[in-house]
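Working notes, beginning with the structure itself.
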Amino acid sequence: MAQNQDSSVQGAFDLAAITEPPQEVVERARELRQTIEHARELYYQQDAPELSDAAYDSLERELENLEREYPSLATPDSPTQRVGGGVSQQFAPVQHAVRMYSLEDAMDLNELDAWLERTHAAVGHPVQYCCELKIDGSSIALTYDHGKLIRAATRGDGAVGEDITANVLNVKDVPTELSAASGAGDFPNRIEIRGECYMPKASFNRLNAAIAADNDEIIQHNAEIDAGNATGRHMALKKPFANCRNAAAGSLRQKDPKITASRDLATFIYAIADQSMVPVASQHEFLAWLKEAGFVVNPNIRVVNGEKAVHEFCADALAHRDGLGYDIDGVVVKVDDFATQDSLGFTAKAPRWAIAFKYPPEEKTTILRNIAVQVGRTGALTPVAEFDPTTVDGSVISRATLHNFDELARKDVRIGDTIIIHKAGDVIPEVVGHVPELRPKESVPLQEPTTCPSCGSPVFRDGAFLRCDSAECPAQLQERLEHWVSRGAMDIDGLGTKVIENMIAEGILHDVVDFYHLDVETLANVSRGELKKDGTPRTVGLTVARKVMRQIEASRQQPFANVLFGIGIRNIGKTTAEAIARAFGNIDALMDATVPQLCQVEGIGEIVGESVVEFFETQANRDLVERLRQAGLTLEEDMSEIKPQTLAGYTFVLTGTLEHYDRTQAEELLRSWGAKASGSVSKKTSFVVAGPGAGSKLVKAQTLGIPVLDEEALVKIIETGQVPAED
Ligand code: AMP
C-alpha cells in the first residue's frame, strides 16, 4: 500500500533494481541532473530562469522515469530526491520547524487518475478531495507568535529557507496581527502559516514595461556617449522578468525592502506547518479558518467526491485560467480530511495526500529550414535544427539541438518538414517530432557526414555520436577555450565567442595555456567582431583588456577542481571534478589512477573512469598539464579540511528515521570519509542503516544478506571513519 512504500524504492524485489543501466542511460541521467541543477540555480538563486516551467518539469520527469527503471541511478543527491531551491548567502538562514515539501506532479489525466486510484486504495474507502488552484508564485512561510507576525521565510531547500521578513512586511495583504476571532492569539506556541506570494499579471506587465522604458533610456544614453555628445560610462541593460513567478520571487528576495514595497505583490494562503494546532479537521475548514484569521484565501476552491468531479474542477480551472488576474500552473488536489492525510504521510519530497495536476507544456509547429552540424569541445558532431523563429513559452526560438545522429534518425526530421517544438533542455529548445501529413514529397533524410565540417578530418562513430578527434580542429579549440573561461572553471569574464574566435584566427590562442602568456596590449588590439561607426573594427580596448588580464591572473588561484573541470575531460562535470579532486588530492595521483581506483569515488562509474584514464594516456594532454603547472595553475587540492578516505569502497544505504541527523546530512558525513551513499539496496551495498519505520529497503537487505546497522553504529562510523569489525 502506498503509505508503506519507501519513497525511493519502486518494487523492492523487481529485477530492475539490480540491473545496471546501459551507458547511454547513465550519460543521459548525468546530463539531466546537471541541467536540472543548473536550471534550479538559475530559477531559485538568481530568479533568472532559462527554461520554461513545462520544460523543466519534463526534464525532471524524464530523470524520474530513468531512475524508476534503473534504481541504482537514484542516488540520494539526485535532484529528484530533493526539493528545488537553495539558500542564498544574501539572507539569514531560517530552519523550518517542519519541513516545507514540494508536490508530486501529474502531467496528464492518466497520471492524475493513477494517483486518485492509489489514494483510494490506500485509504480503503472513497475519499473527499479539496481542489485548489496552483498559484504560480513563490512559497512563503509566516511565523506568528501569539498572533503577531515575527518572521517570514522562503522555502529554500525545504529544510532551511531565507529570512525575508523585512520584505514580506511590505506585502500589503499579509496580516501582521491575526484577528482575535480566530483564537490564534491565544495559541500557546508559535504557528507557521504557509502560502504563495505572487505578482498579479497587471503588475507584472507594468514592471516589465517600466524595465523596457528604462532600457530605451539606457540605449539612448549609451549612444550619446558613443557619438561623443556625452561623457560617462556605458550602462548595462536591465533584464526583464521571464514570468510572474520569477518577478514575485525576485521581488521578494531584494536586499532593499523598498523595492519589494514598490512591486505590488499579493498572497494566497493555504497551509500550516502543524495542522494539530488549529481547531479544524479538514483542509476546507482550515481555509475558512485562515480567512477568519485575516489571510487572503483563493476563492476558487471546491470540495468534491470522485474522479469525475476532480476532472471537472481541472477543466473549469483551465477554461478560466486566462481570465484570472494571476498566473496558475495547474491545480492542487488534496485529500480533504486531516486524519486521512496523516495516515497517508509523506515521501522524501512531497506529501502522499496531495498532487499537482500541471497543465501541459506549450508545443508549437514551424518549418525546419536547415540542419546544421556543430562540433563540440570533445569533438562530438551535433546536428542542430534551424527553423522559422517561433514564440514558445514567451520567448522566440529558431534553433534546437537534435543531440546526435541516432536521435536525428529516430526522430526522422527532414529539411522542409513541419516540426513540433517545445522548450526542453537547458537553454536549448527541443524538436518533439514532425507532422507526417505535411512532409514535402521530395524530402530526404540528412546523410551522416563522413568528415568534420570544421576541419575536414574524417569522423568516426563513438556510440551514438560521430566524433572528430583531430587535435587541430578549430571548432573544438573554440569550444575548449570557451569552456576554460566559463563560470565553473576559470571564471574569466569579458572574453566572448567572437573575441576568442578572432584570437584563434590571429594565432594568439592555440590552447588554454596561451591565456597565461597573453599581455594587455595584444589583448587590447583583438577585434571584437563589430565595426565602429567610422567602419574600423572595434577592438577589446585597454580598459577591458586590463580587467580580463586581472581575472586571468586571479584564475591561477582557482581550486584544483575548477582546473580539472576546465581542461575538459569527457564526461567530467563540475560535481564529478570536485569528487575526483577530493579523492586524489593532486593531478599526479590522478594521472596514475586506474579505472577501478576511479570507480571507488562517489558518483563515478566505468565510463567516467575510462574517460579520465584515456585523457591522461594521451601524451598531448600530459604535456598540457605540465605547461599548466609551469603557468602556476592550482593542481592540488587544499587538503587542510579533508578527512582521510577510510570509507572509500563502502556503500551505505540509509533508511527509516534517524534521530541524530537528517538523512542528507548523514550521507554527506559518510561521503566526507570517502564512502558512497546510495538510495537503493543492491548486491553492491556494504551496509544498510535502518532506523525506526524502515520498510522495503530493510527487507531487501535481509534478503540479500547485507549487514544491517542501527543509528548508534552509524554515529560511531561517522565519528571515527571506521566500519565495525566483522563478528
Ligand atoms: P513545485 O514548486 O512545482 O514543486 O510545486 C509545489 C509548490 O506549489 C508548493 O511548494 C507551493 O509553493 C505551490 N503551490 C501553489 N499553490 C498551491 C496550493 N494551492 N496548495 C499547495 N501548494 C501550492
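Naming scheme: A, B, ... for chains in displayed order of the C-alpha cells; residues 1 onward per chain; ligands 1 onward as shown.
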
### All strand (DSSP E or B) residues (DSSP, backbone) inside segment 348-463 of chain A, as an MDAnalysis selection string
chainID A and resid 351 354:358 364:375 380:392 395:401 418:422 430:434 451 458 460:462

### Task
Show me which residues sit within 9 Å of ligand 1 when counting only C-alpha atoms and all ligand atoms, and put them as a PyMOL selection string.
chain A and resi 53+57+83-84+100-105+131-140+155+158+194-197+268-271+298+301+328-334+349-350+354-356+358

### Message
Give me the residues near Thr80 of chain A as an MDAnalysis selection string, where near means some atom within 8 Å (using only C-alpha atoms) and where sequence neighbours in that chain fewer than 3 positions away do not count.
### Response
chainID A and resid 60 63:64 74 83

### Message
With only C-alpha atoms as the counted atoms, please give the residues lying no more than 12 Å from Glu501 of chain A, apart from itself and same-chain residues fewer than 2 positions off, as a ChimeraX atom specification.
### Response
/A:474-482,495-499,503-510,526-529

Selected residues, N, CA, C and O atoms, written as a short mmCIF file (atom, residue, chain, number, x, y, z; two decimals), in the first residue's frame, please.
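Result written to out_7.cif:
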```cif
data_model
loop_
_atom_site.label_atom_id
_atom_site.label_comp_id
_atom_site.auth_asym_id
_atom_site.auth_seq_id
_atom_site.Cartn_x
_atom_site.Cartn_y
_atom_site.Cartn_z
N PRO A 474 39.67 23.61 -35.33
CA PRO A 474 39.41 24.93 -34.72
C PRO A 474 38.08 25.00 -33.97
O PRO A 474 37.99 25.70 -32.96
N ALA A 475 37.08 24.25 -34.43
CA ALA A 475 35.78 24.31 -33.73
C ALA A 475 35.92 23.76 -32.31
O ALA A 475 35.39 24.31 -31.36
N GLN A 476 36.69 22.67 -32.19
CA GLN A 476 36.89 22.09 -30.86
C GLN A 476 37.68 23.03 -29.97
O GLN A 476 37.39 23.19 -28.79
N LEU A 477 38.70 23.64 -30.58
CA LEU A 477 39.53 24.55 -29.79
C LEU A 477 38.68 25.70 -29.26
O LEU A 477 38.77 26.07 -28.09
N GLN A 478 37.85 26.24 -30.14
CA GLN A 478 36.96 27.34 -29.72
C GLN A 478 36.14 26.92 -28.50
O GLN A 478 36.06 27.62 -27.50
N GLU A 479 35.53 25.74 -28.60
CA GLU A 479 34.68 25.26 -27.50
C GLU A 479 35.51 25.05 -26.24
O GLU A 479 35.07 25.33 -25.14
N ARG A 480 36.71 24.49 -26.40
CA ARG A 480 37.55 24.21 -25.23
C ARG A 480 37.95 25.50 -24.52
O ARG A 480 37.93 25.59 -23.31
N LEU A 481 38.26 26.51 -25.34
CA LEU A 481 38.68 27.78 -24.74
C LEU A 481 37.49 28.45 -24.04
O LEU A 481 37.63 29.00 -22.96
N GLU A 482 36.32 28.39 -24.67
CA GLU A 482 35.14 29.00 -24.04
C GLU A 482 34.83 28.28 -22.73
O GLU A 482 34.41 28.87 -21.75
N LEU A 495 35.59 37.64 -22.23
CA LEU A 495 36.11 37.04 -23.47
C LEU A 495 34.96 36.32 -24.16
O LEU A 495 34.73 35.15 -23.94
N GLY A 496 34.24 37.04 -24.99
CA GLY A 496 33.09 36.45 -25.67
C GLY A 496 33.53 35.55 -26.82
O GLY A 496 34.72 35.48 -27.17
N THR A 497 32.53 34.87 -27.42
CA THR A 497 32.78 33.95 -28.52
C THR A 497 33.60 34.60 -29.63
O THR A 497 34.57 34.03 -30.14
N LYS A 498 33.20 35.81 -30.01
CA LYS A 498 33.85 36.48 -31.15
C LYS A 498 35.31 36.78 -30.86
O LYS A 498 36.18 36.57 -31.71
N VAL A 499 35.56 37.28 -29.63
CA VAL A 499 36.94 37.64 -29.27
C VAL A 499 37.81 36.39 -29.31
O VAL A 499 38.91 36.39 -29.89
N MET A 503 40.96 35.57 -31.68
CA MET A 503 42.28 35.25 -31.12
C MET A 503 42.82 33.95 -31.71
O MET A 503 44.02 33.80 -31.91
N ILE A 504 41.91 33.00 -31.97
CA ILE A 504 42.36 31.76 -32.62
C ILE A 504 42.82 32.09 -34.04
O ILE A 504 43.91 31.71 -34.48
N ALA A 505 41.98 32.87 -34.75
CA ALA A 505 42.29 33.19 -36.14
C ALA A 505 43.61 33.96 -36.25
O ALA A 505 44.38 33.77 -37.18
N GLU A 506 43.90 34.81 -35.27
CA GLU A 506 45.14 35.60 -35.32
C GLU A 506 46.34 34.83 -34.76
O GLU A 506 47.43 35.39 -34.61
N GLY A 507 46.11 33.57 -34.40
CA GLY A 507 47.23 32.73 -33.93
C GLY A 507 47.68 33.07 -32.52
O GLY A 507 48.79 32.72 -32.11
N ILE A 508 46.83 33.76 -31.74
CA ILE A 508 47.22 34.13 -30.37
C ILE A 508 46.96 32.97 -29.41
O ILE A 508 47.69 32.73 -28.47
N LEU A 509 45.85 32.26 -29.65
CA LEU A 509 45.50 31.14 -28.77
C LEU A 509 45.59 29.82 -29.52
O LEU A 509 44.96 29.66 -30.57
N HIS A 510 46.38 28.90 -28.98
CA HIS A 510 46.43 27.54 -29.55
C HIS A 510 45.88 26.52 -28.57
O HIS A 510 45.43 25.46 -28.92
N VAL A 526 42.78 43.02 -30.04
CA VAL A 526 42.00 41.98 -30.71
C VAL A 526 40.65 42.55 -31.12
O VAL A 526 40.01 43.30 -30.36
N SER A 527 40.19 42.19 -32.30
CA SER A 527 38.90 42.70 -32.79
C SER A 527 37.75 42.04 -32.05
O SER A 527 37.79 40.85 -31.73
N ARG A 528 36.71 42.85 -31.79
CA ARG A 528 35.52 42.27 -31.14
C ARG A 528 34.50 41.76 -32.16
O ARG A 528 33.39 41.37 -31.82
N GLY A 529 34.87 41.88 -33.42
CA GLY A 529 33.97 41.37 -34.46
C GLY A 529 32.86 42.34 -34.81
O GLY A 529 31.89 41.97 -35.47
#
```

At most 7 Å is the cut-off: for each residue in segment 222-320 of chain A with any atom that close to an atom of segment 164-168 of chain A, write down the nearest atom pair and the distance in Å rounded to one decimal, counting only C-alpha atoms, chain first then increasing number, as a Markdown table.
```
| residue | atom | partner | partner_atom | distance |
| --- | --- | --- | --- | --- |
| A:Leu252 | CA | A:Asn167 | CA | 6.1 |
| A:Arg253 | CA | A:Ile164 | CA | 6.8 |
| A:Pro257 | CA | A:Asn167 | CA | 4.7 |
| A:Thr260 | CA | A:Asn167 | CA | 5.9 |
```

Once you count only C-alpha atoms, what closest atom pair and distance in Å to one decimal does each residue of segment 528-620 of chain A within 6 Å of segment 634-654 of chain A have, with rows by chain and rising residue number, as a tab-separated table?
```
residue	atom	partner	partner_atom	distance
A:Phe560	CA	A:Leu635	CA	5.1
A:Gly585	CA	A:Glu637	CA	4.9
A:Asn586	CA	A:Glu636	CA	4.0
A:Ile587	CA	A:Leu635	CA	5.6
A:Gln600	CA	A:Gly649	CA	5.3
```

Okay, now the selection with N, CA and C atoms, as a CSV table (one decimal), in the first residue's frame?
```csv
chain,number,residue,atom,x,y,z
A,560,PHE,N,41.7,23.3,-7.6
A,560,PHE,CA,42.1,22.2,-8.4
A,560,PHE,C,40.8,21.7,-9.2
A,585,GLY,N,43.4,14.3,-4.6
A,585,GLY,CA,44.3,15.3,-3.9
A,585,GLY,C,45.2,16.1,-4.8
A,586,ASN,N,45.7,15.5,-5.9
A,586,ASN,CA,46.6,16.2,-6.8
A,586,ASN,C,46.6,15.6,-8.2
A,587,ILE,N,47.1,16.3,-9.1
A,587,ILE,CA,47.0,15.9,-10.5
A,587,ILE,C,47.9,14.7,-10.8
A,600,GLN,N,36.1,3.9,-7.3
A,600,GLN,CA,35.8,3.9,-5.8
A,600,GLN,C,35.2,5.3,-5.4
```

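With distances restricted to only C-alpha atoms, A:Phe91 is the closest residue to Asp256 of chain A from A:Ala236, A:Leu542, A:Phe91, A:Glu472.
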
### Query
Where does DSSP see alpha helix (DSSP H) in segment 247-276 of chain A, if you list the residues as an NGL selection string?
:A and (247-252 or 257-261)

Taking N, CA and C atoms for each residue, export the selection above as a PDB file, in the first residue's frame.
```pdb
ATOM      1  N   ALA A 247       9.159  37.132 -11.290  1.00  0.00           N
ATOM      2  CA  ALA A 247       9.048  38.511 -10.834  1.00  0.00           C
ATOM      3  C   ALA A 247       8.728  38.505  -9.338  1.00  0.00           C
ATOM      4  N   ALA A 248       7.847  37.603  -8.916  1.00  0.00           N
ATOM      5  CA  ALA A 248       7.482  37.541  -7.495  1.00  0.00           C
ATOM      6  C   ALA A 248       8.694  37.102  -6.671  1.00  0.00           C
ATOM      7  N   ALA A 249       9.349  36.023  -7.117  1.00  0.00           N
ATOM      8  CA  ALA A 249      10.499  35.512  -6.355  1.00  0.00           C
ATOM      9  C   ALA A 249      11.595  36.572  -6.296  1.00  0.00           C
ATOM     10  N   GLY A 250      11.851  37.218  -7.421  1.00  0.00           N
ATOM     11  CA  GLY A 250      12.898  38.243  -7.485  1.00  0.00           C
ATOM     12  C   GLY A 250      12.555  39.421  -6.585  1.00  0.00           C
ATOM     13  N   SER A 251      11.286  39.806  -6.565  1.00  0.00           N
ATOM     14  CA  SER A 251      10.883  40.970  -5.772  1.00  0.00           C
ATOM     15  C   SER A 251      10.938  40.659  -4.281  1.00  0.00           C
ATOM     16  N   LEU A 252      10.673  39.404  -3.933  1.00  0.00           N
ATOM     17  CA  LEU A 252      10.707  39.022  -2.516  1.00  0.00           C
ATOM     18  C   LEU A 252      12.130  38.944  -1.992  1.00  0.00           C
ATOM     19  N   PRO A 257      14.145  46.435   1.042  1.00  0.00           N
ATOM     20  CA  PRO A 257      12.706  46.170   1.146  1.00  0.00           C
ATOM     21  C   PRO A 257      11.848  47.218   0.435  1.00  0.00           C
ATOM     22  N   LYS A 258      12.424  48.394   0.205  1.00  0.00           N
ATOM     23  CA  LYS A 258      11.647  49.426  -0.503  1.00  0.00           C
ATOM     24  C   LYS A 258      11.314  48.961  -1.925  1.00  0.00           C
ATOM     25  N   ILE A 259      12.246  48.220  -2.505  1.00  0.00           N
ATOM     26  CA  ILE A 259      11.976  47.716  -3.868  1.00  0.00           C
ATOM     27  C   ILE A 259      10.814  46.737  -3.806  1.00  0.00           C
ATOM     28  N   THR A 260      10.829  45.860  -2.803  1.00  0.00           N
ATOM     29  CA  THR A 260       9.709  44.917  -2.647  1.00  0.00           C
ATOM     30  C   THR A 260       8.404  45.703  -2.522  1.00  0.00           C
ATOM     31  N   ALA A 261       8.457  46.770  -1.711  1.00  0.00           N
ATOM     32  CA  ALA A 261       7.242  47.569  -1.479  1.00  0.00           C
ATOM     33  C   ALA A 261       6.705  48.144  -2.791  1.00  0.00           C
TER      34      ALA A 261
END
```
